Protein chains: 2
Amino acid sequence: MSGVLNKRQGRQSVLFDEPPYVKAAGNAAGKKEMEGPLGELFDYCDEDPYFGQNTWEKAESFLQEKALETALLKARLRSEDIGYLVAGDLLGQLIATSFGVEKFEIPFFGVYGACSTMGESMSLAAMMIEGGYADTAAALSSSHFASAEKQFRYPLDYGCQRPASATWTVTGSGCVILSKEECLLNNMSRALGANPVKVMGMTTGKIVDYGIKDSMNMGACMAAAAANVIEANLKDLNREPDHYDRIVTGDLGYVGADILKDMLNEKGINLNNHMDCGIEIYDNVRQDTHSGGSGCGCSALVLTAYLLPKLALGEFKRILFIPTGALLSPVSFNEGNTVPAIAHGIMIERC
Amino acid sequence: MSGVLNKRQGRQSVLFDEPPYVKAAGNAAGKKEMEGPLGELFDYCDEDPYFGQNTWEKAESFLQEKALETALLKARLRSEDIGYLVAGDLLGQLIATSFGVEKFEIPFFGVYGACSTMGESMSLAAMMIEGGYADTAAALSSSHFASAEKQFRYPLDYGCQRPASATWTVTGSGCVILSKEECLLNNMSRALGANPVKVMGMTTGKIVDYGIKDSMNMGACMAAAAANVIEANLKDLNREPDHYDRIVTGDLGYVGADILKDMLNEKGINLNNHMDCGIEIYDNVRQDTHSGGSGCGCSALVLTAYLLPKLALGEFKRILFIPTGALLSPVSFNEGNTVPAIAHGIMIERC
């Protein structure tokens, strides 16, 4: 009986009794992402950074619409078939999300976890299915370079110099549809070697404040949150890092990834199988993206376009996916506050 | 078995098999709220609108801290006993929440539903308990008049005139702790007539866009979302409005409440037992609050200070609690967009 049985493992982790399946994953990306190493994997791209809209915010809403639409298509579902939509973005009051998803008319939970939003939304969607509240639920997140710069930093026209520790906000959106019933990702074929992919459990982050105040070095702020989730996951479940083929953080970038490894080393945890979505998504030499990519769209794109297909097709058996978020606002930054961070870990496996 | 059994009723509603209990409710409020009709019911009040802090945002964080602390005290729990915290506020990137709750170190989900946040966070916390992911979970939200005016409208120093349809953002925060095990609210005594109070289920809102662009008339924007949830609840569960002792909306105010009744009348639904937290919290004649109160803190204060004790002590047997939120941001407003809205319904009963 649900409610009697407690699936909780340790302080921060949950293992599902009946892990939800990943039914489909859709995404939409911008020009720079299309020109990056994963470019050819994205479902929808456009050279126009406005995507035919008249504001940056509407452009981001358009990306969410496309990602959800594509995921529905691949799942062969209509929006009426989706029990819950859990979604968010980086903008104040989640306007990219509200305006992007309203036409789908799905019972909706808006979430904010900064760039950890894909992990947060997947955690909640997975609980909704396994808890018996819906047969199908969608998790969605997005970011847009220009709407994020406008929200958090300087007008683009200033042409501000970017320090080496800065990351480049990804223009993109990713959507994952989870299902109670066994299914193959994107209706791939077993005959072609695909196997079902499941969300086995999650390790939920706490807010971690490393005391950093530099909004141009978010990798450092978020590394402590990622370290907390990795440590909690291994401890709660009594696992070693190599239990996973890859431990994949969201958007630490080169600077944050190094800090993460140092932090874990100090705790006796050796991370030899680390991957960071912010490092994967751009070619930082050719594309001049400094520390790498960031934003809710970064881990969402890498998950939906690259990690999930690799799991379905057998290259990875098991990953720990940890989107990472820096909890700052222009107001908190201007008032001289630190940048606390959070991360949300999701365990994903091929059957 | 959870995951096999689907608790879903109709398109938007869920009835729990094992409804979580409300273990404790704590709150903190400002001077104007203290001077209102419910003033003597609040746990913590201060005449200083800054609550001893140096920014409006930190003042709001302080309110969240106090509400959560008080709820923990009443529940006789420590923060380590809380499985998940689900919380949010009105500010961009939820900074009142991040800085208010970080010291508690509870696995955390940040949510944004504008003024519907208390309903959204309670829905998620209830699912987490009934689904078997935690024995205890907390739902928390806040708003502050001055931080909200700064975020959404004009500097206070301008002394802008407020139209009659405007509501007054409540300075306050409310926290509810839900529990798997049977318990009495705030450790009240059965000998004094108290009975346990349960969250029976929920009706999750969709985003509803009524086409209104006036940020000074949010009652009208939100009325359509409240009507959607009430209609869905009655239809999904095949109930009449008088199934509930009260149908309680969040912060429609006088203007929005009239529109809600008209909208439902047109659909043949007669609302004779309607109550609105925004109308209850102030004396609009004496306190010059025009259409009433609003903000995440409005429904959170009325629920924690007034509705839950009334349920525990037997004056109400059963309520449908529907916080309502207007999904605008200063950016979406300045770009001339409409104000979409959402509402989240929670069914609460005395055993």
# chains A, B, ... in the order shown; residues from 1 in each chain; ligands from 1
call {"tool": "closest_atom_pairs", "arguments": {"of": "chain B", "to": "chain A", "cutoff": "6 Å", "atoms": "only C-alpha atoms", "output": "tab-separated table"}}
result
residue	atom	partner	partner_atom	distance
B:Met1	CA	A:Met1	CA	4.8
B:Ser2	CA	A:Ser2	CA	4.7
B:Gly3	CA	A:Glu130	CA	4.3
B:Leu5	CA	A:Gly132	CA	5.6
B:Asn6	CA	A:Gly132	CA	4.5
B:Lys7	CA	A:Tyr133	CA	5.3
B:Arg8	CA	A:Tyr133	CA	5.4
B:Gly92	CA	A:Gly92	CA	3.9
B:Gln93	CA	A:Ser329	CA	5.6
B:Glu102	CA	A:Ile207	CA	5.3
B:Glu105	CA	A:Lys206	CA	5.6
B:Ile106	CA	A:Lys206	CA	5.7
B:Pro107	CA	A:Lys206	CA	4.5
B:Phe108	CA	A:Lys206	CA	5.5
B:Gly110	CA	A:Tyr112	CA	5.2
B:Val111	CA	A:Val111	CA	4.1
B:Tyr112	CA	A:Gly110	CA	5.2
B:Gly113	CA	A:Gly110	CA	5.9
B:Glu130	CA	A:Gly3	CA	4.3
B:Gly131	CA	A:Gly131	CA	4.2
B:Gly132	CA	A:Gly3	CA	4.3
B:Tyr133	CA	A:Lys7	CA	5.4
B:Thr204	CA	A:Pro107	CA	5.5
B:Gly205	CA	A:Pro107	CA	5.3
B:Lys206	CA	A:Pro107	CA	4.5
B:Ile207	CA	A:Glu102	CA	5.3
B:Ser329	CA	A:Gln93	CA	5.6
call {"tool": "residues_around", "arguments": {"residues": "B:Val197", "least_positions_apart": "4", "cutoff": "10 Å", "atoms": "only C-alpha atoms", "output": "ChimeraX atom specification"}}
result
/B:19-23,178,182-185,308-309,311-314,317-318,348-351
call {"tool": "select_by_dssp", "arguments": {"residues": "stretch 179-313 of chain B", "states": "alpha helix (DSSP H)", "output": "ChimeraX atom specification"}}
result
/B:218-237,253-266,277-280,296-302,308-312
call {"tool": "atom_distance", "arguments": {"atom1": "atom CA of A:Phe145", "atom2": "atom CA of A:Cys298"}}
result
10.7 Å
call {"tool": "residues_around", "arguments": {"residues": "B:Phe51", "least_positions_apart": "4", "cutoff": "10 Å", "atoms": "only C-alpha atoms", "output": "PyMOL selection string"}}
result
chain B and resi 29-30+45-47+55-56+58-63
call {"tool": "residues_around", "arguments": {"residues": "B:Ser165", "least_positions_apart": "2", "cutoff": "10 Å", "atoms": "only C-alpha atoms", "output": "MDAnalysis selection string"}}
result
chainID B and resid 162:163 167 214:220 253:256 289:292
